[in-house]
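Structure file structure16.csv; described as CSV, C-alpha atoms (C1' of nucleotides).
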```
chain,number,residue,atom,x,y,z
A,249,MET,CA,20.4,7.3,-1.3
A,250,LEU,CA,20.9,3.7,-2.4
A,251,LEU,CA,18.4,1.1,-1.1
A,252,THR,CA,21.2,-1.1,0.2
A,253,ASP,CA,22.6,1.8,2.2
A,254,LEU,CA,19.2,2.5,3.6
A,255,LEU,CA,18.7,-1.1,4.7
A,256,HIS,CA,21.8,-0.9,6.8
A,257,GLN,CA,20.6,2.0,8.9
A,258,ARG,CA,18.5,1.7,12.1
A,259,PRO,CA,15.0,0.8,11.1
A,260,GLU,CA,13.4,4.0,12.6
A,261,VAL,CA,15.8,6.0,10.3
A,262,THR,CA,14.9,4.0,7.2
A,263,ALA,CA,11.2,3.5,7.7
A,264,PRO,CA,10.2,7.1,6.9
A,265,ARG,CA,12.5,7.1,3.9
A,266,ILE,CA,10.8,4.2,2.2
A,267,LEU,CA,7.3,5.5,2.6
A,268,GLY,CA,5.9,5.7,-0.9
A,269,ALA,CA,8.2,3.0,-2.2
A,270,ARG,CA,6.7,0.3,-4.3
A,271,LEU,CA,6.9,-3.3,-3.1
A,272,SER,CA,6.1,-6.0,-5.6
A,273,PHE,CA,5.6,-9.6,-4.6
A,274,GLY,CA,3.3,-12.5,-5.6
A,275,GLY,CA,2.0,-10.6,-8.7
A,276,VAL,CA,0.8,-7.6,-6.7
A,277,THR,CA,2.5,-4.2,-6.2
A,278,VAL,CA,1.7,-1.9,-3.3
A,279,ARG,CA,2.8,1.6,-2.6
A,280,LEU,CA,3.8,1.6,1.1
A,281,THR,CA,1.8,4.1,3.2
A,282,GLU,CA,2.3,2.9,6.7
A,283,LEU,CA,5.4,1.3,8.5
A,284,GLU,CA,6.6,0.6,12.0
A,285,ALA,CA,10.3,0.3,13.1
A,286,TYR,CA,11.5,-2.5,15.4
A,287,ALA,CA,15.1,-1.9,16.5
A,288,ALA,CA,17.6,-4.0,18.4
A,289,ASP,CA,17.4,-2.1,21.7
A,290,ASP,CA,13.6,-2.1,21.6
A,291,PRO,CA,11.6,-4.1,24.1
A,292,GLY,CA,8.7,-4.2,21.6
A,293,SER,CA,10.8,-6.0,19.0
A,294,HIS,CA,10.4,-9.8,18.5
A,295,ALA,CA,14.2,-9.9,18.5
A,296,PHE,CA,14.7,-8.1,21.8
A,297,ARG,CA,15.3,-11.2,23.9
A,298,GLY,CA,17.7,-12.8,21.5
A,299,LYS,CA,17.7,-15.1,18.6
A,300,THR,CA,15.1,-17.8,18.4
A,301,ASN,CA,13.8,-20.1,15.6
A,302,ARG,CA,10.9,-17.7,14.9
A,303,ASN,CA,12.9,-14.4,14.7
A,304,ARG,CA,16.2,-15.6,13.3
A,305,VAL,CA,15.6,-13.9,10.0
A,306,MET,CA,15.8,-10.5,11.7
A,307,PHE,CA,19.3,-11.4,12.7
A,308,GLY,CA,20.3,-12.2,9.1
A,309,PRO,CA,21.2,-10.0,6.2
A,310,PRO,CA,19.0,-6.9,5.5
A,311,GLY,CA,16.7,-6.9,2.6
A,312,HIS,CA,14.9,-10.2,3.3
A,313,LEU,CA,11.3,-10.6,4.6
A,314,TYR,CA,10.7,-11.7,8.2
A,315,VAL,CA,7.2,-13.2,8.2
A,316,TYR,CA,5.4,-14.3,11.4
A,317,PHE,CA,2.0,-15.8,12.3
A,318,THR,CA,-0.1,-14.3,15.0
A,319,TYR,CA,-3.5,-14.4,16.7
A,320,GLY,CA,-4.0,-17.9,15.3
A,321,MET,CA,-4.9,-16.7,11.9
A,322,HIS,CA,-2.8,-13.7,10.6
A,323,HIS,CA,0.5,-13.3,8.9
A,324,CYS,CA,2.5,-10.1,9.1
A,325,ALA,CA,5.6,-9.2,7.1
A,326,ASN,CA,8.7,-7.1,8.0
A,327,LEU,CA,11.5,-5.9,5.9
A,328,VAL,CA,14.7,-6.8,7.6
A,329,CYS,CA,16.7,-3.6,8.2
A,330,HIS,CA,19.6,-3.0,10.6
A,331,PRO,CA,23.2,-1.9,11.0
A,332,GLU,CA,25.8,-4.7,10.9
A,333,GLY,CA,25.5,-7.0,13.9
A,334,GLU,CA,22.1,-5.9,15.2
A,335,PRO,CA,18.7,-7.4,14.6
A,336,GLY,CA,15.9,-5.2,13.3
A,337,GLY,CA,13.0,-4.8,10.9
A,338,ILE,CA,10.3,-2.6,9.5
A,339,LEU,CA,6.7,-3.9,9.8
A,340,LEU,CA,4.8,-3.4,6.6
A,341,ARG,CA,1.5,-2.0,8.1
A,342,ALA,CA,-0.4,-0.8,5.0
A,343,GLY,CA,-0.2,0.1,1.4
A,344,GLU,CA,-2.1,1.1,-1.7
A,345,VAL,CA,-2.5,-1.6,-4.3
A,346,VAL,CA,-1.2,-0.1,-7.5
A,347,ASP,CA,-0.8,-3.2,-9.7
A,348,GLY,CA,-2.2,-6.7,-9.7
A,349,ILE,CA,-5.4,-5.4,-8.1
A,350,GLU,CA,-7.5,-8.2,-9.4
A,351,LEU,CA,-5.3,-10.8,-7.8
A,352,ALA,CA,-5.3,-8.8,-4.6
A,353,ARG,CA,-9.1,-8.8,-4.7
A,354,GLU,CA,-9.2,-12.5,-5.2
A,355,ARG,CA,-7.0,-13.0,-2.1
A,356,ARG,CA,-8.9,-10.5,0.0
A,357,GLY,CA,-12.5,-11.5,-0.8
A,358,SER,CA,-15.1,-8.8,-0.5
A,359,ALA,CA,-12.9,-5.9,0.9
A,360,ARG,CA,-13.2,-2.5,-0.6
A,361,ASP,CA,-10.2,-1.5,-2.7
A,362,VAL,CA,-9.0,1.0,-0.2
A,363,ASP,CA,-9.0,-1.9,2.4
A,364,LEU,CA,-7.1,-4.4,0.3
A,365,ALA,CA,-3.8,-3.7,2.1
A,366,ARG,CA,-4.9,-1.5,5.0
A,367,GLY,CA,-3.4,-3.2,8.0
A,368,PRO,CA,-0.4,-5.5,8.3
A,369,ALA,CA,-2.3,-8.9,8.0
A,370,ARG,CA,-4.4,-7.5,5.1
A,371,LEU,CA,-1.2,-6.4,3.3
A,372,ALA,CA,0.4,-9.7,3.8
A,373,SER,CA,-2.7,-11.4,2.5
A,374,ALA,CA,-3.0,-9.2,-0.5
A,375,LEU,CA,0.5,-10.0,-1.5
A,376,GLY,CA,0.0,-13.8,-0.9
A,377,ILE,CA,2.6,-13.8,1.9
A,378,ASP,CA,2.6,-16.6,4.5
A,379,LEU,CA,5.1,-18.5,6.6
A,380,GLY,CA,6.5,-20.2,3.5
A,381,MET,CA,7.9,-16.8,2.4
A,382,ASN,CA,9.8,-16.2,5.7
A,383,GLY,CA,13.4,-15.2,4.8
A,384,THR,CA,12.7,-14.6,1.1
A,385,ASP,CA,14.3,-11.9,-0.9
A,386,ALA,CA,12.3,-12.6,-4.0
A,387,PHE,CA,10.5,-9.3,-4.1
A,388,GLU,CA,11.2,-5.9,-5.6
A,389,LEU,CA,11.4,-2.6,-3.7
A,390,ASP,CA,11.5,0.5,-5.8
A,391,LEU,CA,12.1,3.7,-4.0
A,392,ALA,CA,9.7,6.6,-4.7
A,393,PRO,CA,11.0,9.1,-7.2
A,394,VAL,CA,12.6,12.1,-5.5
A,395,GLY,CA,9.9,14.5,-6.8
A,396,GLU,CA,7.2,12.2,-5.7
A,397,TRP,CA,8.7,11.6,-2.3
A,398,SER,CA,9.0,15.4,-1.7
A,399,GLN,CA,5.2,15.6,-2.1
A,400,ILE,CA,4.7,13.2,0.8
A,401,GLU,CA,3.8,14.5,4.2
A,402,VAL,CA,5.2,12.0,6.8
A,403,ALA,CA,3.4,11.7,10.1
A,404,THR,CA,4.7,9.8,13.1
A,405,GLY,CA,3.1,8.5,16.3
A,406,PRO,CA,3.1,5.5,18.7
A,407,ARG,CA,3.1,2.0,17.4
A,408,VAL,CA,-0.1,-0.1,17.4
A,409,GLY,CA,-1.0,-2.9,19.8
A,410,LEU,CA,2.2,-3.2,21.8
A,411,ARG,CA,2.2,-4.0,25.5
A,412,LEU,CA,6.0,-3.1,25.7
A,413,ALA,CA,7.5,0.2,24.7
A,414,PRO,CA,4.2,1.8,23.6
A,415,ASP,CA,5.7,5.3,23.8
A,416,GLN,CA,8.4,5.1,21.2
A,417,PRO,CA,7.0,7.1,18.2
A,418,TRP,CA,8.2,4.6,15.6
A,419,ARG,CA,5.1,4.4,13.5
A,420,PHE,CA,5.3,6.3,10.2
A,421,TRP,CA,2.6,6.9,7.7
A,422,VAL,CA,1.7,9.1,4.7
A,423,ALA,CA,-0.5,11.9,6.2
A,424,GLY,CA,-4.0,11.9,4.9
A,425,ASP,CA,-3.7,8.7,2.9
A,426,PRO,CA,-6.9,6.7,2.9
A,427,THR,CA,-5.1,3.4,2.8
A,428,VAL,CA,-3.4,4.0,6.2
A,429,SER,CA,-5.0,1.8,9.0
A,430,GLN,CA,-7.6,3.3,11.3
A,431,TYR,CA,-5.6,4.0,14.4
A,432,ARG,CA,-3.8,7.3,13.9
A,433,PRO,CA,-3.1,9.5,16.9
A,434,ALA,CA,-0.6,11.7,15.3
A,435,LYS,CA,1.9,14.4,15.2
A,436,LYS,CA,3.4,15.8,12.1
A,437,LEU,CA,7.1,14.9,11.5
A,438,ARG,CA,7.7,17.1,8.5
A,439,ALA,CA,6.2,18.3,5.3
A,440,ASN,CA,8.2,17.8,2.2
A,441,GLY,CA,11.7,16.3,2.0
B,104,DT,C1',-17.0,-4.7,21.9
B,105,DC,C1',-16.2,-9.1,21.3
B,106,DC,C1',-14.0,-13.1,20.0
B,107,DG,C1',-11.6,-16.8,16.8
B,108,DT,C1',-7.4,-19.2,16.7
B,109,DG,C1',-2.7,-21.3,17.4
B,110,DA,C1',2.4,-20.3,17.9
B,111,DT,C1',5.5,-18.7,21.2
B,112,DT,C1',7.0,-17.5,25.6
B,113,DA,C1',7.4,-17.3,30.7
B,114,DC,C1',7.4,-19.7,34.4
B,115,DC,C1',6.7,-23.6,36.7
B,116,DT,C1',8.2,-28.7,38.1
C,124,DG,C1',8.8,-32.2,30.8
C,125,DG,C1',3.9,-29.2,31.4
C,126,DT,C1',0.7,-25.3,31.3
C,127,DA,C1',-1.2,-20.6,31.1
C,128,DA,C1',-0.9,-16.0,29.4
C,129,DT,C1',0.2,-13.3,25.7
C,130,DC,C1',0.1,-11.6,21.0
C,131,DA,C1',3.2,-6.0,15.9
C,132,DC,C1',-5.1,-8.5,14.0
C,133,DG,C1',-9.4,-8.5,11.5
C,134,DG,C1',-14.2,-9.2,10.9
C,135,DA,C1',-18.7,-9.6,12.7
C,136,DT,C1',-21.9,-7.5,15.9
```

Please lay out the structure from this file as C-alpha coordinates.
Amino acid sequence: MLLTDLLHQRPEVTAPRILGARLSFGGVTVRLTELEAYAADDPGSHAFRGKTNRNRVMFGPPGHLYVYFTYGMHHCANLVCHPEGEPGGILLRAGEVVDGIELARERRGSARDVDLARGPARLASALGIDLGMNGTDAFELDLAPVGEWSQIEVATGPRVGLRLAPDQPWRFWVAGDPTVSQYRPAKKLRANG
DNA sequence: TCCGTGATTACCT
DNA sequence: GGTAATCACGGAT
(Lines of atoms letter the chains of each structure in order from A and count residues from 1; the text may use other names and numbers.)
(Lines give C-alpha, C1' and ligand atoms only; values in the text may rest on other atoms or scores of the structure.)
Protein backbone atom coordinates (compact mmCIF):
# COMPACT_ATOMS: atom_id res chain seq x y z
CA MET A 1 0.00 0.00 0.00
CA LEU A 2 1.16 3.49 -0.81
CA LEU A 3 2.42 5.64 2.02
CA THR A 4 0.09 8.51 1.15
CA ASP A 5 -2.90 6.17 1.38
CA LEU A 6 -1.71 4.86 4.73
CA LEU A 7 -1.39 8.38 6.11
CA HIS A 8 -5.06 9.05 5.34
CA GLN A 9 -6.29 6.13 7.48
CA ARG A 10 -7.08 6.32 11.16
CA PRO A 11 -3.83 6.35 13.11
CA GLU A 12 -4.49 3.09 14.96
CA VAL A 13 -4.86 1.42 11.55
CA THR A 14 -1.69 2.91 10.15
CA ALA A 15 0.57 2.63 13.18
CA PRO A 16 1.07 -1.16 13.05
CA ARG A 17 1.61 -0.94 9.29
CA ILE A 18 4.56 1.43 9.54
CA LEU A 19 6.42 -0.48 12.22
CA GLY A 20 9.77 -1.35 10.71
CA ALA A 21 9.69 1.67 8.39
CA ARG A 22 12.81 3.81 8.20
CA LEU A 23 12.54 7.46 9.17
CA SER A 24 15.38 9.77 8.18
CA PHE A 25 15.75 13.25 9.61
CA GLY A 26 18.61 15.46 10.67
CA GLY A 27 21.28 13.12 9.36
CA VAL A 28 20.05 10.11 11.34
CA THR A 29 17.91 7.17 10.21
CA VAL A 30 15.88 5.05 12.63
CA ARG A 31 13.94 1.88 12.04
CA LEU A 32 10.66 2.44 13.89
CA THR A 33 10.03 -0.18 16.57
CA GLU A 34 7.37 1.39 18.81
CA LEU A 35 4.42 3.69 18.03
CA GLU A 36 1.24 4.96 19.65
CA ALA A 37 -1.93 6.09 17.85
CA TYR A 38 -3.85 9.25 18.85
CA ALA A 39 -7.20 9.46 17.05
CA ALA A 40 -9.81 12.22 16.70
CA ASP A 41 -12.39 10.69 19.02
CA ASP A 42 -9.74 9.86 21.60
CA PRO A 43 -9.71 11.61 25.00
CA GLY A 44 -5.99 10.90 25.25
CA SER A 45 -5.18 12.90 22.14
CA HIS A 46 -3.84 16.43 22.39
CA ALA A 47 -6.37 17.31 19.67
CA PHE A 48 -9.43 15.93 21.49
CA ARG A 49 -10.61 19.29 22.85
CA GLY A 50 -10.28 21.10 19.56
CA LYS A 51 -7.69 23.11 17.71
CA THR A 52 -5.23 25.22 19.68
CA ASN A 53 -1.98 26.89 18.80
CA ARG A 54 -0.01 23.93 20.15
CA ASN A 55 -1.86 21.14 18.36
CA ARG A 56 -2.82 22.83 15.10
CA VAL A 57 -0.41 20.72 13.05
CA MET A 58 -2.47 17.62 13.91
CA PHE A 59 -5.39 19.27 12.10
CA GLY A 60 -3.33 19.92 9.00
CA PRO A 61 -2.34 17.67 6.12
CA PRO A 62 -1.02 14.19 6.95
CA GLY A 63 2.66 13.50 6.53
CA HIS A 64 3.99 16.36 8.63
CA LEU A 65 5.58 16.17 12.08
CA TYR A 66 3.69 17.42 15.12
CA VAL A 67 6.33 18.24 17.74
CA TYR A 68 5.52 19.20 21.33
CA PHE A 69 7.52 20.06 24.43
CA THR A 70 6.70 18.38 27.73
CA TYR A 71 7.86 17.94 31.33
CA GLY A 72 9.83 21.14 31.03
CA MET A 73 12.64 19.48 29.12
CA HIS A 74 11.58 16.90 26.54
CA HIS A 75 10.45 17.01 22.93
CA CYS A 76 8.27 14.33 21.38
CA ALA A 77 7.37 13.86 17.70
CA ASN A 78 4.23 12.56 16.04
CA LEU A 79 3.60 11.69 12.42
CA VAL A 80 0.36 13.42 11.44
CA CYS A 81 -2.04 10.76 10.14
CA HIS A 82 -5.82 10.94 9.78
CA PRO A 83 -8.76 10.67 7.39
CA GLU A 84 -9.87 13.91 5.77
CA GLY A 85 -11.32 16.36 8.28
CA GLU A 86 -10.19 14.66 11.51
CA PRO A 87 -7.11 15.47 13.60
CA GLY A 88 -4.80 12.59 14.43
CA GLY A 89 -1.25 11.42 14.78
CA ILE A 90 1.16 8.63 15.60
CA LEU A 91 3.62 9.20 18.44
CA LEU A 92 7.09 7.97 17.53
CA ARG A 93 8.01 6.15 20.73
CA ALA A 94 11.16 4.24 19.83
CA GLY A 95 13.44 3.09 17.06
CA GLU A 96 16.73 1.46 16.22
CA VAL A 97 19.36 3.83 14.84
CA VAL A 98 20.44 2.30 11.54
CA ASP A 99 22.32 5.22 10.00
CA GLY A 100 24.05 8.32 11.31
CA ILE A 101 24.81 6.57 14.57
CA GLU A 102 27.77 8.78 15.39
CA LEU A 103 25.65 11.91 15.13
CA ALA A 104 22.99 10.26 17.28
CA ARG A 105 25.63 9.40 19.88
CA GLU A 106 26.79 13.01 19.95
CA ARG A 107 23.25 14.22 20.56
CA ARG A 108 22.49 11.59 23.19
CA GLY A 109 25.65 11.74 25.24
CA SER A 110 26.67 8.60 27.07
CA ALA A 111 23.69 6.39 26.23
CA ARG A 112 24.21 2.81 25.12
CA ASP A 113 23.49 2.31 21.42
CA VAL A 114 20.30 0.38 22.13
CA ASP A 115 19.05 3.35 24.19
CA LEU A 116 19.80 6.03 21.59
CA ALA A 117 16.17 6.21 20.44
CA ARG A 118 14.43 4.04 23.06
CA GLY A 119 11.64 6.32 24.31
CA PRO A 120 9.83 9.19 22.58
CA ALA A 121 11.99 12.02 23.91
CA ARG A 122 15.17 10.04 23.28
CA LEU A 123 14.10 9.37 19.70
CA ALA A 124 13.38 13.06 19.13
CA SER A 125 16.73 13.96 20.63
CA ALA A 126 18.63 11.43 18.52
CA LEU A 127 17.06 12.91 15.38
CA GLY A 128 17.74 16.48 16.47
CA ILE A 129 14.03 17.31 16.64
CA ASP A 130 12.83 20.29 18.67
CA LEU A 131 9.97 22.79 18.49
CA GLY A 132 11.55 24.47 15.49
CA MET A 133 10.70 21.36 13.47
CA ASN A 134 7.00 21.45 14.36
CA GLY A 135 5.01 21.08 11.13
CA THR A 136 7.94 20.06 8.96
CA ASP A 137 7.66 17.52 6.19
CA ALA A 138 11.39 17.58 5.49
CA PHE A 139 11.99 13.95 6.41
CA GLU A 140 11.94 10.65 4.58
CA LEU A 141 9.83 7.67 5.52
CA ASP A 142 10.59 4.42 3.72
CA LEU A 143 8.21 1.56 4.35
CA ALA A 144 9.78 -1.75 5.27
CA PRO A 145 10.13 -4.14 2.35
CA VAL A 146 7.25 -6.63 2.21
CA GLY A 147 9.44 -9.61 2.96
CA GLU A 148 11.01 -7.86 5.89
CA TRP A 149 7.70 -6.68 7.27
CA SER A 150 6.26 -10.20 7.15
CA GLN A 151 9.03 -11.24 9.53
CA ILE A 152 7.91 -8.68 12.12
CA GLU A 153 5.79 -9.83 15.00
CA VAL A 154 3.58 -6.93 16.05
CA ALA A 155 2.50 -6.70 19.68
CA THR A 156 -0.11 -4.33 21.05
CA GLY A 157 -1.06 -3.02 24.47
CA PRO A 158 -2.16 0.05 26.40
CA ARG A 159 -0.48 3.38 25.80
CA VAL A 160 2.04 4.75 28.26
CA GLY A 161 1.61 7.53 30.78
CA LEU A 162 -1.94 8.67 30.01
CA ARG A 163 -4.46 9.72 32.63
CA LEU A 164 -7.24 9.68 30.01
CA ALA A 165 -8.27 6.65 27.96
CA PRO A 166 -5.63 4.34 29.41
CA ASP A 167 -7.49 1.25 28.21
CA GLN A 168 -7.34 1.73 24.46
CA PRO A 169 -4.70 -0.72 23.19
CA TRP A 170 -3.22 1.69 20.73
CA ARG A 171 0.45 1.10 21.44
CA PHE A 172 2.20 -1.05 18.86
CA TRP A 173 5.70 -2.43 18.93
CA VAL A 174 7.98 -5.01 17.36
CA ALA A 175 7.82 -7.99 19.70
CA GLY A 176 11.13 -8.81 21.30
CA ASP A 177 13.00 -5.84 19.89
CA PRO A 178 15.58 -4.53 22.38
CA THR A 179 15.06 -0.91 21.28
CA VAL A 180 11.42 -0.87 22.46
CA SER A 181 10.95 1.17 25.64
CA GLN A 182 10.81 -0.61 28.97
CA TYR A 183 7.09 -0.61 29.75
CA ARG A 184 5.62 -3.57 27.80
CA PRO A 185 2.50 -5.21 29.27
CA ALA A 186 1.49 -7.00 26.14
CA LYS A 187 -0.71 -9.13 24.10
CA LYS A 188 0.23 -10.46 20.73
CA LEU A 189 -1.61 -8.91 17.78
CA ARG A 190 -0.40 -11.25 15.11
CA ALA A 191 2.63 -13.00 13.79
CA ASN A 192 3.59 -12.34 10.20
CA GLY A 193 1.63 -10.21 7.78
C1' DT B 1 11.33 6.18 43.76
C1' DC B 2 12.06 10.64 43.13
C1' DC B 3 12.30 14.89 40.96
C1' DG B 4 13.72 18.67 37.42
C1' DT B 5 11.44 21.86 34.47
C1' DG B 6 8.20 24.90 31.77
C1' DA B 7 4.21 25.01 28.45
C1' DT B 8 -0.52 24.36 28.49
C1' DT B 9 -4.89 23.89 30.39
C1' DA B 10 -8.86 24.28 33.69
C1' DC B 11 -10.96 26.91 36.45
C1' DC B 12 -11.40 30.79 38.90
C1' DT B 13 -12.26 36.20 39.27
C1' DG C 1 -6.79 39.08 33.98
C1' DG C 2 -4.54 35.19 37.65
C1' DT C 3 -3.13 30.74 39.48
C1' DA C 4 -2.64 25.77 40.33
C1' DA C 5 -2.63 21.14 38.51
C1' DT C 6 -1.29 18.45 34.90
C1' DC C 7 1.80 16.34 31.62
C1' DA C 8 2.14 11.09 25.34
C1' DC C 9 9.61 11.65 30.10
C1' DG C 10 14.30 10.51 31.39
C1' DG C 11 18.15 10.21 34.43
C1' DA C 12 19.94 9.82 38.92
C1' DT C 13 19.42 7.48 43.28

Next on the checklist: Tell me as a PyMOL selection string which residues belonging to chain A come within 8 Å of chain B, counting all atoms listed in the file.
Outcome noted: chain A and resi 317-321

Item to check | Exercise answer, chain A residues close to chain C, 7 Å and only C-alpha atoms (C1' of nucleotides), as an MDAnalysis selection string | outcome: chainID A and resid 318:319 322 369 408:410

Item to check | Contacts of Thr384 (chain A) within 12 Å, only C-alpha atoms (C1' of nucleotides), excl. fewer than 6 positions in-chain, as a PyMOL selection string | outcome: chain A and resi 273-274+305-306+308-315+325-328+377-378

Just to be explicit: take each residue in the selection above, keep C-alpha atoms, and write the result as a short mmCIF file (atom, residue, chain, number, x, y, z; two decimals), in the coordinates of the input.
```cif
data_model
loop_
_atom_site.label_atom_id
_atom_site.label_comp_id
_atom_site.auth_asym_id
_atom_site.auth_seq_id
_atom_site.Cartn_x
_atom_site.Cartn_y
_atom_site.Cartn_z
CA PHE A 273 5.60 -9.60 -4.60
CA GLY A 274 3.30 -12.50 -5.60
CA VAL A 305 15.60 -13.90 10.00
CA MET A 306 15.80 -10.50 11.70
CA GLY A 308 20.30 -12.20 9.10
CA PRO A 309 21.20 -10.00 6.20
CA PRO A 310 19.00 -6.90 5.50
CA GLY A 311 16.70 -6.90 2.60
CA HIS A 312 14.90 -10.20 3.30
CA LEU A 313 11.30 -10.60 4.60
CA TYR A 314 10.70 -11.70 8.20
CA VAL A 315 7.20 -13.20 8.20
CA ALA A 325 5.60 -9.20 7.10
CA ASN A 326 8.70 -7.10 8.00
CA LEU A 327 11.50 -5.90 5.90
CA VAL A 328 14.70 -6.80 7.60
CA ILE A 377 2.60 -13.80 1.90
CA ASP A 378 2.60 -16.60 4.50
#
```

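When CA of Ala352 (chain A) is paired with CA of Ser373 (chain A), their separation reads 8.0 Å.
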
Checklist outcome for this item: Between CA of Gly367 (chain A) and CA of Ile400 (chain A) lies a distance of 19.7 Å

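As for CA of Arg419 (chain A) and CA of Gly348 (chain A), they are spaced 26.7 Å apart.
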
Checklist entry - Near Gly343 (chain A), counting only C-alpha atoms (C1' of nucleotides), which residues have an atom at most 6 Å away, once you skip same-chain residues fewer than 4 positions from it, shown as a PyMOL selection string? => result chain A and resi 278-281+365

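Surrounding residues of (18.5, 1.8, 0.5) at most 10 Å away are A:Met249, A:Leu250, A:Leu251, A:Thr252, A:Asp253, A:Leu254, A:Leu255, A:His256, A:Gln257, A:Thr262, A:Arg265, A:Ile266, A:Gly311, A:Cys329, A:Leu389, A:Asp390, A:Leu391 (based on all atoms listed in the file).
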
Next on the checklist: Can you pull out the residues contacting region 425-428 of chain A? Cut-off 7 Å, using all atoms listed in the file, and skip same-chain residues under 5 positions away; I want them as an MDAnalysis selection string.
Outcome noted: chainID A and resid 281:282 342:344 362:363 366
